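Data block for query13.txt (compact mmCIF, C-alpha atoms and all ligand atoms):
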```txt
# COMPACT_ATOMS: atom_id res chain seq x y z
CA MET D 24 5.60 3.35 -30.84
CA THR D 25 9.00 1.70 -31.22
CA ALA D 26 9.22 -2.06 -30.80
CA TYR D 27 12.15 -3.52 -28.86
CA LEU D 28 13.69 -6.93 -29.33
CA ILE D 29 15.80 -7.97 -26.35
CA LYS D 30 18.06 -10.81 -27.40
CA SER D 31 19.16 -13.60 -25.12
CA VAL D 32 18.01 -12.31 -21.74
CA SER D 33 17.37 -14.43 -18.64
CA VAL D 34 13.78 -13.87 -17.46
CA VAL D 35 13.88 -13.97 -13.65
CA GLY D 36 16.94 -16.21 -13.71
CA ALA D 37 15.72 -18.77 -16.29
CA GLU D 38 17.61 -19.92 -19.42
CA PRO D 39 18.16 -17.03 -21.87
CA THR D 40 15.40 -16.24 -24.35
CA ASP D 41 14.41 -13.38 -26.66
CA LEU D 42 11.72 -10.88 -25.62
CA LEU D 43 9.77 -8.83 -28.13
CA ILE D 44 8.12 -5.70 -26.74
CA ARG D 45 5.49 -4.12 -28.96
CA ASP D 46 2.45 -1.88 -28.40
CA GLY D 47 3.01 -1.70 -24.67
CA VAL D 48 3.05 -5.43 -24.01
CA VAL D 49 5.42 -8.36 -24.19
CA ALA D 50 4.36 -9.56 -27.64
CA GLU D 51 6.43 -12.73 -27.87
CA THR D 52 9.13 -14.72 -26.12
CA GLY D 53 11.25 -17.55 -27.50
CA ALA D 54 14.51 -18.50 -29.16
CA ALA D 55 15.86 -16.57 -32.17
CA LEU D 56 12.93 -14.17 -32.59
CA SER D 57 13.17 -11.67 -35.38
CA ALA D 58 11.34 -8.39 -35.91
CA PRO D 59 12.76 -6.19 -38.68
CA ASP D 60 11.09 -3.04 -37.35
CA ALA D 61 12.33 -3.47 -33.76
CA THR D 62 15.29 -1.84 -32.03
CA VAL D 63 17.54 -4.70 -30.93
CA LEU D 64 19.05 -4.74 -27.43
CA ASP D 65 21.67 -7.32 -26.46
CA GLY D 66 20.48 -8.99 -23.27
CA THR D 67 23.45 -11.34 -22.89
CA GLY D 68 24.28 -11.68 -19.21
CA LEU D 69 21.28 -9.59 -18.18
CA VAL D 70 18.30 -10.60 -16.05
CA ALA D 71 14.80 -9.33 -16.85
CA LEU D 72 12.63 -8.72 -13.79
CA PRO D 73 9.08 -7.49 -13.54
CA GLY D 74 9.40 -3.73 -12.96
CA LEU D 75 10.06 -3.08 -9.28
CA VAL D 76 7.23 -1.66 -7.15
CA ASP D 77 7.95 0.51 -4.12
CA LEU D 78 5.23 0.60 -1.51
CA HIS D 79 6.95 3.33 0.52
CA THR D 80 8.44 6.39 -1.22
CA HIS D 81 8.64 10.01 -0.08
CA LEU D 82 8.47 12.35 -3.09
CA ARG D 83 8.21 15.61 -1.04
CA GLU D 84 5.92 17.36 -3.52
CA PRO D 85 3.93 19.45 -2.70
CA GLY D 86 5.92 21.50 -0.20
CA ARG D 87 9.56 20.47 -0.22
CA GLU D 88 10.42 20.60 -3.90
CA ASP D 89 13.94 21.61 -2.84
CA ALA D 90 14.43 18.07 -1.50
CA GLU D 91 12.58 16.09 -4.22
CA THR D 92 9.77 16.48 -6.73
CA VAL D 93 7.45 13.94 -8.21
CA GLU D 94 9.55 14.20 -11.37
CA THR D 95 13.02 13.86 -9.80
CA GLY D 96 11.83 11.06 -7.52
CA SER D 97 10.22 9.31 -10.50
CA ARG D 98 13.51 9.53 -12.39
CA ALA D 99 15.40 8.10 -9.41
CA ALA D 100 12.83 5.30 -9.28
CA ALA D 101 13.12 4.44 -12.98
CA LEU D 102 16.93 4.39 -12.68
CA GLY D 103 16.52 2.01 -9.76
CA GLY D 104 14.45 -0.39 -11.87
CA TYR D 105 11.04 0.70 -10.57
CA THR D 106 7.91 1.05 -12.68
CA ALA D 107 5.56 2.03 -9.84
CA VAL D 108 5.93 3.82 -6.53
CA CYS D 109 3.47 4.60 -3.74
CA ALA D 110 3.95 8.19 -2.60
CA MET D 111 3.66 8.79 1.15
CA ALA D 112 1.26 11.42 2.45
CA ASN D 113 3.58 13.48 4.68
CA THR D 114 3.87 16.35 2.24
CA SER D 115 2.98 20.00 2.84
CA PRO D 116 0.06 20.34 2.52
CA VAL D 117 -0.51 16.79 3.76
CA ALA D 118 -2.14 14.42 1.26
CA ASP D 119 -5.29 14.20 3.36
CA THR D 120 -7.83 15.36 0.76
CA ALA D 121 -8.97 14.23 -2.68
CA GLY D 122 -7.47 17.46 -4.07
CA VAL D 123 -3.92 16.77 -2.90
CA VAL D 124 -3.84 13.07 -3.84
CA GLU D 125 -5.18 13.96 -7.29
CA GLN D 126 -2.48 16.61 -7.66
CA VAL D 127 0.28 14.08 -6.85
CA TRP D 128 -1.30 11.50 -9.15
CA ARG D 129 -1.48 14.03 -11.99
CA LEU D 130 2.14 15.13 -11.47
CA GLY D 131 3.14 11.48 -11.71
CA ARG D 132 1.29 11.09 -15.00
CA GLU D 133 2.93 14.22 -16.36
CA ALA D 134 6.42 13.04 -15.40
CA GLY D 135 5.58 9.73 -17.09
CA LEU D 136 8.57 7.82 -15.71
CA VAL D 137 6.83 5.48 -13.26
CA ASP D 138 3.25 5.03 -12.11
CA VAL D 139 2.87 7.20 -9.02
CA GLN D 140 0.16 5.85 -6.73
CA PRO D 141 -0.61 8.31 -3.93
CA ILE D 142 -1.07 7.09 -0.37
CA GLY D 143 -3.61 9.11 1.62
CA ALA D 144 -3.21 10.29 5.21
CA VAL D 145 -5.20 8.48 7.90
CA THR D 146 -5.78 11.60 9.99
CA VAL D 147 -6.22 15.27 9.15
CA GLY D 148 -2.80 16.91 8.93
CA LEU D 149 -1.22 13.70 10.31
CA ALA D 150 -2.22 15.12 13.69
CA GLY D 151 -3.68 11.84 14.94
CA GLU D 152 -6.93 13.40 16.10
CA GLN D 153 -9.54 13.17 13.40
CA LEU D 154 -9.96 10.77 10.47
CA ALA D 155 -9.17 12.30 7.09
CA GLU D 156 -11.65 12.03 4.19
CA LEU D 157 -10.65 8.45 3.36
CA GLY D 158 -13.72 7.77 1.24
CA ALA D 159 -13.26 10.88 -0.91
CA MET D 160 -9.61 9.95 -1.52
CA ALA D 161 -10.64 6.41 -2.44
CA ASP D 162 -13.28 7.72 -4.87
CA SER D 163 -10.96 10.35 -6.38
CA ALA D 164 -9.11 9.98 -9.68
CA ALA D 165 -6.12 8.78 -7.64
CA ARG D 166 -8.17 5.77 -6.42
CA VAL D 167 -6.32 5.63 -3.09
CA ARG D 168 -6.32 2.23 -1.38
CA ILE D 169 -3.44 2.61 1.08
CA PHE D 170 -3.64 5.11 3.93
CA SER D 171 -0.79 6.02 6.24
CA ASP D 172 0.27 8.75 8.64
CA ASP D 173 3.87 7.64 8.02
CA GLY D 174 6.36 9.82 9.82
CA HIS D 175 3.85 9.59 12.66
CA CYS D 176 2.20 6.64 14.33
CA VAL D 177 -1.58 6.42 14.52
CA ALA D 178 -1.11 6.07 18.26
CA ASP D 179 -4.73 6.40 19.42
CA PRO D 180 -6.17 2.86 19.41
CA LYS D 181 -9.72 4.06 18.89
CA LEU D 182 -8.77 6.07 15.80
CA MET D 183 -6.75 3.13 14.50
CA ARG D 184 -9.76 0.87 14.96
CA ARG D 185 -12.04 3.32 13.15
CA ALA D 186 -9.59 3.69 10.27
CA LEU D 187 -9.35 -0.09 9.89
CA GLU D 188 -13.16 -0.36 9.94
CA TYR D 189 -13.58 2.44 7.42
CA VAL D 190 -11.23 1.05 4.74
CA LYS D 191 -12.67 -2.45 5.00
CA ALA D 192 -15.59 -1.36 2.79
CA PHE D 193 -13.30 -0.91 -0.22
CA ASP D 194 -10.61 -3.46 0.72
CA GLY D 195 -8.24 -0.66 1.72
CA ILE D 196 -5.18 -0.95 3.91
CA ILE D 197 -3.83 1.02 6.82
CA ALA D 198 -0.03 1.19 6.63
CA GLN D 199 1.26 1.88 10.11
CA HIS D 200 4.47 3.61 11.18
CA ALA D 201 4.76 1.59 14.39
CA GLU D 202 6.22 3.84 17.07
CA GLU D 203 4.68 4.30 20.48
CA PRO D 204 5.39 8.03 20.86
CA ARG D 205 5.58 7.97 24.66
CA LEU D 206 8.44 5.46 24.46
CA THR D 207 10.46 7.45 21.93
CA GLU D 208 10.33 10.96 23.37
CA GLY D 209 13.64 12.64 22.54
CA ALA D 210 14.98 9.47 20.92
CA GLN D 211 18.03 9.83 18.68
CA MET D 212 19.03 6.27 17.86
CA HIS D 213 18.44 2.60 18.75
CA GLU D 214 18.37 2.04 22.51
CA GLY D 215 21.22 -0.33 23.29
CA GLU D 216 24.90 -0.59 24.06
CA VAL D 217 25.93 2.00 21.49
CA SER D 218 23.40 4.62 22.64
CA THR D 219 24.52 4.09 26.22
CA ARG D 220 28.15 4.58 25.25
CA LEU D 221 27.40 7.69 23.17
CA GLY D 222 25.00 9.13 25.75
CA LEU D 223 22.22 9.54 23.17
CA THR D 224 18.56 9.00 24.10
CA GLY D 225 17.43 5.59 22.85
CA TRP D 226 14.48 4.45 20.66
CA PRO D 227 13.73 1.07 22.22
CA ALA D 228 12.67 -1.91 20.11
CA VAL D 229 9.59 -2.31 22.30
CA ALA D 230 8.22 1.03 21.06
CA GLU D 231 7.79 -0.63 17.65
CA GLU D 232 6.82 -4.08 18.87
CA ALA D 233 4.10 -2.84 21.25
CA ILE D 234 2.30 -1.00 18.44
CA ILE D 235 2.56 -3.93 16.02
CA ALA D 236 1.19 -6.27 18.70
CA ARG D 237 -1.74 -3.91 19.36
CA ASP D 238 -2.43 -3.36 15.67
CA VAL D 239 -2.46 -7.02 14.65
CA LEU D 240 -5.03 -7.58 17.40
CA LEU D 241 -7.10 -4.65 16.16
CA ALA D 242 -6.85 -5.84 12.54
CA GLU D 243 -7.88 -9.32 13.65
CA HIS D 244 -10.80 -7.97 15.64
CA VAL D 245 -12.05 -5.81 12.78
CA GLY D 246 -11.12 -8.24 9.99
CA SER D 247 -9.27 -5.54 8.06
CA ARG D 248 -5.96 -5.34 6.28
CA LEU D 249 -2.95 -3.93 8.11
CA HIS D 250 0.44 -3.22 6.58
CA VAL D 251 3.43 -2.61 8.84
CA CYS D 252 5.97 -0.12 7.52
CA HIS D 253 9.74 -0.48 7.93
CA VAL D 254 9.91 -3.40 10.40
CA SER D 255 13.25 -3.14 12.17
CA THR D 256 13.49 -5.54 15.13
CA ALA D 257 13.71 -9.27 15.81
CA GLY D 258 10.85 -8.91 18.30
CA SER D 259 8.58 -7.40 15.62
CA VAL D 260 9.29 -10.41 13.43
CA GLU D 261 8.08 -12.73 16.21
CA VAL D 262 4.85 -10.74 16.67
CA LEU D 263 4.23 -10.86 12.92
CA ARG D 264 5.01 -14.56 12.72
CA GLN D 265 2.40 -15.35 15.36
CA ALA D 266 -0.20 -13.06 13.80
CA LYS D 267 0.27 -14.58 10.37
CA ALA D 268 0.04 -18.08 11.81
CA ARG D 269 -3.38 -17.09 13.22
CA GLY D 270 -4.48 -15.82 9.81
CA VAL D 271 -4.47 -12.10 10.57
CA LYS D 272 -4.53 -10.06 7.35
CA VAL D 273 -1.21 -8.38 7.98
CA THR D 274 1.65 -7.67 5.58
CA ALA D 275 5.01 -6.17 6.40
CA GLU D 276 7.96 -4.47 4.78
CA VAL D 277 11.64 -4.11 5.55
CA THR D 278 13.92 -1.44 4.10
CA PRO D 279 17.26 -2.13 2.40
CA HIS D 280 19.07 -0.15 5.11
CA HIS D 281 17.57 -2.18 7.94
CA LEU D 282 18.81 -5.32 6.17
CA LEU D 283 22.39 -4.06 6.00
CA LEU D 284 23.37 -1.28 8.39
CA THR D 285 23.70 -1.36 12.20
CA ASP D 286 23.52 1.19 15.00
CA ALA D 287 27.33 1.14 15.14
CA HIS D 288 27.20 3.73 12.32
CA ALA D 289 25.92 6.26 14.86
CA GLU D 290 29.44 6.31 16.32
CA THR D 291 30.46 8.46 13.34
CA TYR D 292 27.85 11.06 14.40
CA ASP D 293 27.18 11.43 10.67
CA PRO D 294 23.44 12.24 10.44
CA VAL D 295 23.21 10.41 7.12
CA TYR D 296 22.71 7.35 9.38
CA LYS D 297 19.86 8.94 11.35
CA VAL D 298 16.58 7.32 10.36
CA ASN D 299 13.23 6.23 11.76
CA PRO D 300 13.00 3.55 12.94
CA PRO D 301 16.70 3.66 13.82
CA LEU D 302 19.38 1.31 12.54
CA ARG D 303 19.37 -1.66 14.90
CA THR D 304 21.78 -4.49 15.75
CA ALA D 305 23.33 -7.41 13.87
CA THR D 306 20.90 -9.74 15.69
CA ASP D 307 17.95 -7.77 14.34
CA ILE D 308 19.43 -7.81 10.83
CA ALA D 309 19.77 -11.60 10.96
CA ALA D 310 16.12 -11.97 12.07
CA LEU D 311 14.91 -9.55 9.36
CA ARG D 312 16.82 -11.42 6.65
CA ALA D 313 15.42 -14.77 7.80
CA ALA D 314 11.89 -13.32 7.94
CA LEU D 315 12.24 -11.96 4.42
CA ALA D 316 13.39 -15.34 3.10
CA GLU D 317 10.51 -17.10 4.87
CA GLY D 318 7.81 -14.61 3.93
CA VAL D 319 7.02 -13.41 7.45
CA ILE D 320 8.14 -10.11 5.95
CA ASP D 321 6.44 -9.81 2.57
CA ILE D 322 8.36 -7.12 0.78
CA ILE D 323 11.36 -4.82 0.56
CA ALA D 324 10.23 -1.18 0.47
CA THR D 325 12.73 1.65 0.21
CA ASP D 326 11.34 4.35 2.54
CA HIS D 327 13.20 6.67 0.13
CA ALA D 328 13.40 9.81 2.31
CA PRO D 329 15.15 12.67 0.56
CA HIS D 330 16.20 15.62 2.72
CA ALA D 331 17.74 18.96 1.79
CA VAL D 332 21.37 19.60 2.75
CA GLU D 333 20.47 22.00 5.59
CA ASP D 334 18.19 19.37 7.15
CA LYS D 335 20.82 16.63 7.01
CA GLU D 336 24.30 18.18 7.17
CA CYS D 337 23.98 19.55 10.67
CA GLU D 338 24.34 18.30 14.23
CA TRP D 339 22.94 14.78 14.75
CA ALA D 340 20.26 15.94 17.19
CA TYR D 341 18.87 18.52 14.75
CA ALA D 342 19.06 16.42 11.57
CA ARG D 343 15.87 15.02 10.05
CA PRO D 344 15.61 11.25 10.02
CA GLY D 345 15.58 9.40 6.70
CA MET D 346 17.79 8.28 3.83
CA LEU D 347 17.62 7.82 0.07
CA GLY D 348 16.78 4.37 -1.26
CA LEU D 349 15.34 4.16 -4.77
CA GLU D 350 18.58 4.16 -6.76
CA THR D 351 20.37 1.61 -4.57
CA ALA D 352 17.63 -0.81 -3.41
CA LEU D 353 18.18 -3.51 -6.03
CA SER D 354 21.93 -3.46 -5.41
CA ILE D 355 21.43 -3.86 -1.66
CA ALA D 356 18.95 -6.68 -2.25
CA LEU D 357 21.46 -8.41 -4.50
CA ASP D 358 24.16 -7.93 -1.89
CA VAL D 359 21.98 -9.27 0.92
CA LEU D 360 20.08 -12.06 -0.90
CA GLY D 361 22.51 -12.99 -3.67
CA PRO D 362 21.16 -13.84 -7.15
CA GLN D 363 17.91 -15.38 -5.85
CA TRP D 364 15.96 -13.81 -8.72
CA ASP D 365 12.62 -15.38 -7.97
CA LEU D 366 12.80 -14.18 -4.37
CA ILE D 367 13.89 -10.70 -5.47
CA ALA D 368 11.03 -10.54 -8.02
CA GLU D 369 8.57 -11.68 -5.36
CA ARG D 370 9.68 -9.31 -2.60
CA MET D 371 10.35 -6.24 -4.74
CA SER D 372 7.72 -6.49 -7.47
CA ARG D 373 5.02 -9.16 -7.36
CA ALA D 374 4.09 -8.94 -3.68
CA PRO D 375 4.15 -5.13 -3.40
CA ALA D 376 2.02 -4.89 -6.58
CA ARG D 377 -0.47 -7.36 -5.10
CA ILE D 378 -0.64 -5.56 -1.75
CA ALA D 379 -1.14 -2.17 -3.42
CA GLY D 380 -3.60 -3.60 -5.97
CA LEU D 381 -1.53 -2.30 -8.87
CA THR D 382 -2.76 -4.55 -11.66
CA GLY D 383 -0.44 -4.44 -14.64
CA HIS D 384 2.59 -4.35 -12.35
CA GLY D 385 4.37 -7.21 -10.65
CA LEU D 386 3.86 -9.61 -13.55
CA ASP D 387 6.76 -11.65 -14.94
CA PRO D 388 7.51 -10.83 -18.59
CA ALA D 389 5.40 -13.24 -20.67
CA PRO D 390 3.31 -12.94 -23.84
CA GLY D 391 0.39 -10.55 -23.41
CA VAL D 392 1.62 -9.06 -20.15
CA PRO D 393 2.04 -5.24 -19.92
CA ALA D 394 5.71 -4.50 -20.62
CA ASN D 395 6.61 -3.13 -17.19
CA LEU D 396 10.04 -4.59 -16.65
CA THR D 397 13.64 -3.88 -15.86
CA LEU D 398 16.93 -5.32 -17.08
CA VAL D 399 19.66 -5.87 -14.50
CA ASP D 400 23.35 -6.54 -15.08
CA PRO D 401 24.22 -8.64 -12.02
CA ALA D 402 27.92 -8.82 -12.89
CA ALA D 403 28.41 -5.05 -12.92
CA ARG D 404 29.74 -3.26 -9.85
CA ARG D 405 29.42 0.44 -9.29
CA VAL D 406 30.70 3.01 -6.86
CA ILE D 407 27.92 5.16 -5.42
CA GLU D 408 28.62 8.84 -6.01
CA PRO D 409 25.98 11.02 -4.31
CA ALA D 410 26.48 13.80 -6.89
CA GLU D 411 25.55 11.40 -9.69
CA LEU D 412 22.18 10.39 -8.22
CA ALA D 413 19.03 11.56 -9.99
CA SER D 414 17.35 12.35 -6.70
CA ARG D 415 17.43 16.04 -5.84
CA SER D 416 18.87 15.13 -2.41
CA ARG D 417 22.22 13.59 -1.53
CA ASN D 418 21.56 11.72 1.72
CA THR D 419 22.61 8.23 0.70
CA PRO D 420 24.31 6.10 3.38
CA TYR D 421 26.13 4.19 0.61
CA ALA D 422 28.36 7.04 -0.61
CA ARG D 423 31.59 5.74 -2.15
CA MET D 424 30.64 2.12 -1.42
CA THR D 425 31.03 -0.39 -4.24
CA LEU D 426 27.73 -2.21 -4.77
CA PRO D 427 26.82 -5.12 -7.04
CA GLY D 428 24.38 -4.87 -9.94
CA ARG D 429 23.37 -2.14 -12.32
CA ILE D 430 20.01 -1.29 -13.89
CA VAL D 431 20.59 -1.27 -17.65
CA ALA D 432 17.06 -0.53 -18.87
CA THR D 433 13.55 -0.02 -17.53
CA PHE D 434 10.34 -0.14 -19.56
CA LEU D 435 6.99 1.35 -18.58
CA ARG D 436 4.16 -0.05 -20.71
CA GLY D 437 6.61 -0.81 -23.49
CA GLU D 438 8.31 2.59 -23.51
CA PRO D 439 11.87 2.79 -22.19
CA THR D 440 12.30 5.12 -19.22
CA VAL D 441 15.94 4.05 -18.83
CA LEU D 442 18.26 2.80 -21.59
CA ASP D 443 21.96 2.04 -21.27
CA GLY D 444 21.74 2.97 -17.58
CA LYS D 445 20.54 6.51 -18.38
CA ALA D 446 17.12 8.07 -17.94
CA ILE D 447 15.35 8.81 -21.21
CA LYS D 448 13.89 12.12 -19.99
N1 LIG Q 1 12.05 7.20 7.71
C1 LIG Q 1 12.38 8.40 8.12
O1 LIG Q 1 13.30 8.50 8.91
N2 LIG Q 1 11.79 9.51 7.67
C2 LIG Q 1 10.62 9.60 6.85
C3 LIG Q 1 9.36 9.35 7.62
C4 LIG Q 1 9.16 7.92 7.99
O2 LIG Q 1 9.26 7.02 7.13
O3 LIG Q 1 8.80 7.63 9.14
C5 LIG Q 1 10.59 10.96 6.20
O4 LIG Q 1 9.54 11.39 5.73
O5 LIG Q 1 11.66 11.58 6.10
ZN ZN Q 2 7.80 5.78 8.98
ZN ZN Q 3 8.56 6.70 5.36
```

What would the structure in this file look like if it were written as structure tokens?
Amino acid sequence: MTAYLIKSVSVVGAEPTDLLIRDGVVAETGAALSAPDATVLDGTGLVALPGLVDLHTHLREPGREDAETVETGSRAAALGGYTAVCAMANTSPVADTAGVVEQVWRLGREAGLVDVQPIGAVTVGLAGEQLAELGAMADSAARVRIFSDDGHCVADPKLMRRALEYVKAFDGIIAQHAEEPRLTEGAQMHEGEVSTRLGLTGWPAVAEEAIIARDVLLAEHVGSRLHVCHVSTAGSVEVLRQAKARGVKVTAEVTPHHLLLTDAHAETYDPVYKVNPPLRTATDIAALRAALAEGVIDIIATDHAPHAVEDKECEWAYARPGMLGLETALSIALDVLGPQWDLIAERMSRAPARIAGLTGHGLDPAPGVPANLTLVDPAARRVIEPAELASRSRNTPYARMTLPGRIVATFLRGEPTVLDGKAIK
């Protein structure tokens, strides 16, 4: 196993130091280290972060390997600075059995670019009628701890209560896609001024907020852990703020796109901007940014949602919702938060690793710590070219935009997965 000596790198924004990576761990840090057997990397101007952890990734395998595979999604993740991703269950077949979650877990190991932690479905086939075999998925080789019907809301309150009760035994989490389905029938975009002007059926903020309000009460009643996926409205932030103040065990995520893009993009009728929950307003964005700074929202999660060309480059009404995220998330975070490295490390690595229980991830580079880390060049700027992305899909909303920051290298347990901005395999 090759050793790597990174010279003069800023660890999470601190004064530059040298980092020696050997035998899968950070062996030493300090000034003017030397290691004759190590490959030397110049870290001048670079920032070392704990490897990013994505709690919300769609890898599309099994079933839609034309849109993404575990391998192509893993490569996109590594290039984005990630060392672990949690793979959502809305595959085909659905990841609702021990067999499917073990398959995804094994494919992740074989790709070897990031740790792929499968998320299990809450209900059989995501149909919202019958609990899936949560215990068998938890006991499987994939050791599932997060369960989600993402793409669908667990709308039935009794099922949601049962799911929360069930996972309590092994400290599991239910990650909810908060969308009251009766309030979003036929919805195409955020319900507001723009939808009225365009004559498109709206997805009202209250459809999200009503479910979050219900679920924090259920989680409080049961004493279980709830995670809220892709929070998108100012009203949701207020519900979460109150719940957290009462001590409810709730965590929440926001996506890069909900921190940056508004519903005004729908005026282009370009379906690349169609996503669930929909892009909201500038007021919502301001509330989400403040909540992220404060910790009312715990993490940034990508909701990386690759879609094949025929599912995306069609009429708005027929296009699937969702957009790519893994290869641009750090750049959007840098754009939105500025070089607040400790905050970025907390929201994109430490906190998601803690929530998912991924020990070995989310730890700042320090002697003895597993060498899961990424090197960022904050001064670099790059133009996003969809054709150059490692993802098998092309549905990025940032095409031809110039974004700050570039991932220079990523290490997974001491082995580079990305060097010089390029994937190793
Ligand atoms: N976010 C989306 O718009 N789409 C996701 C599902 C989801 O996250 O709800 C997908 O699987 O494509
Ligand atoms: Zn969702
Ligand atoms: Zn999703």

Task: D:Ser33 surroundings by all atoms listed in the file, 7 Å radius, close-in-sequence under 6 positions cut, as number ranges by chain - done: D: 39-40, 69-71

Write as a compact mmCIF listing (two decimals) with C-alpha atoms, in the coordinates of the input the residues around ligand LIG 1 (chain Q), taking 9 Å as the cut-off and counting only C-alpha atoms and all ligand atoms.
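Saved as out-v7.txt:
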```
# COMPACT_ATOMS: atom_id res chain seq x y z
CA HIS D 79 6.95 3.33 0.52
CA THR D 80 8.44 6.39 -1.22
CA HIS D 81 8.64 10.01 -0.08
CA LEU D 82 8.47 12.35 -3.09
CA ARG D 83 8.21 15.61 -1.04
CA MET D 111 3.66 8.79 1.15
CA ALA D 112 1.26 11.42 2.45
CA ASN D 113 3.58 13.48 4.68
CA THR D 114 3.87 16.35 2.24
CA ASP D 172 0.27 8.75 8.64
CA ASP D 173 3.87 7.64 8.02
CA GLY D 174 6.36 9.82 9.82
CA HIS D 175 3.85 9.59 12.66
CA CYS D 176 2.20 6.64 14.33
CA HIS D 200 4.47 3.61 11.18
CA ALA D 201 4.76 1.59 14.39
CA CYS D 252 5.97 -0.12 7.52
CA HIS D 253 9.74 -0.48 7.93
CA LYS D 297 19.86 8.94 11.35
CA VAL D 298 16.58 7.32 10.36
CA ASN D 299 13.23 6.23 11.76
CA PRO D 300 13.00 3.55 12.94
CA PRO D 301 16.70 3.66 13.82
CA ASP D 326 11.34 4.35 2.54
CA HIS D 327 13.20 6.67 0.13
CA ALA D 328 13.40 9.81 2.31
CA PRO D 329 15.15 12.67 0.56
CA HIS D 330 16.20 15.62 2.72
CA ARG D 343 15.87 15.02 10.05
CA PRO D 344 15.61 11.25 10.02
CA GLY D 345 15.58 9.40 6.70
CA MET D 346 17.79 8.28 3.83
```

Give me the residues within 10 Å of D:Gln265 as a tab-separated table (two decimals) with C-alpha atoms, in the frame of the given file, counting only C-alpha atoms and dropping any in the same chain fewer than 6 places off.
```tsv
chain	number	residue	atom	x	y	z
D	236	ALA	CA	1.19	-6.27	18.70
D	239	VAL	CA	-2.46	-7.02	14.65
D	271	VAL	CA	-4.47	-12.10	10.57
D	319	VAL	CA	7.02	-13.41	7.45
```

Open item on the list: Can you measure atom CA of D:Ala155 to atom CA of D:Ser171 for me? One decimal in Å is fine.
Closed with: 10.5 Å

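Reported to one decimal place, the separation of atom CA of D:Leu43 from atom CA of D:Thr62 is 9.7 Å.
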
Task: Polymer residues at most 12 Å from D:Ser218, all atoms listed in the file, same-chain spacing of 4 or more positions, as a PyMOL selection string - done: chain D and resi 210-214+222-227+286-290+292+301-304

TODO: Rank nothing, just name the residue among D:Ser247, D:Ser414, D:Thr25, D:Thr256 nearest to D:Val93, using only C-alpha atoms.
DONE: D:Ser414

Open item on the list: Restricting the calculation to only C-alpha atoms and all ligand atoms: of D:Ala150, D:Val123, D:Ala55, D:Val277, which residue gets closest to ligand ZN 2 (chain Q)?
Closed with: D:Val277

Task: Proximity to ligand ZN 2 (chain Q) - best of D:Leu72, D:Val63, D:Val32, D:Ala198, all atoms listed in the file - done: D:Ala198

Task: Counting only C-alpha atoms and all ligand atoms, the residue of D:Ala313, D:Arg184, D:Asp41, D:Thr325 that sits nearest ligand ZN 2 (chain Q) - done: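 So, comparing all the options, the nearest one is D:Thr325.
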
- [ ] Measure the distance from atom CA of D:Asp443 to atom CA of D:Val34 in Å and round it to one decimal.
- [x]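 These two atoms are separated by 18.3 Å.
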
Task: Closest of D:Ala90, D:Val108, D:Ala144, D:Val35 to D:Pro401 - atom-to-atom distances counting all atoms listed in the file - done: D:Val35

TODO: May I have the residues at most 7 Å from (27.3, 12.1, 4.7) in the file's coordinates, counting all atoms listed in the file, as a ChimeraX atom specification?
DONE: /D:293-295,418,420

Reconstructed stretch 404-413 of chain D, atom set N, CA and C atoms, as a compact mmCIF listing (two decimals), in the frame of the given file:
```
# COMPACT_ATOMS: atom_id res chain seq x y z
N ARG D 404 29.57 -3.86 -11.18
CA ARG D 404 29.74 -3.26 -9.85
C ARG D 404 29.86 -1.77 -10.06
N ARG D 405 29.32 -1.02 -9.11
CA ARG D 405 29.42 0.44 -9.29
C ARG D 405 29.71 1.11 -7.96
N VAL D 406 30.40 2.21 -8.04
CA VAL D 406 30.70 3.01 -6.86
C VAL D 406 29.62 4.08 -6.76
N ILE D 407 28.99 4.18 -5.59
CA ILE D 407 27.92 5.16 -5.42
C ILE D 407 28.51 6.54 -5.19
N GLU D 408 28.20 7.44 -6.11
CA GLU D 408 28.62 8.84 -6.01
C GLU D 408 27.38 9.69 -5.78
N PRO D 409 27.20 10.26 -4.59
CA PRO D 409 25.98 11.02 -4.31
C PRO D 409 25.67 12.06 -5.39
N ALA D 410 26.71 12.74 -5.90
CA ALA D 410 26.48 13.80 -6.89
C ALA D 410 25.88 13.27 -8.18
N GLU D 411 26.05 11.98 -8.43
CA GLU D 411 25.55 11.40 -9.69
C GLU D 411 24.12 10.88 -9.58
N LEU D 412 23.54 10.92 -8.37
CA LEU D 412 22.18 10.39 -8.22
C LEU D 412 21.16 11.33 -8.87
N ALA D 413 20.08 10.75 -9.35
CA ALA D 413 19.03 11.56 -9.99
C ALA D 413 18.15 12.25 -8.96
```
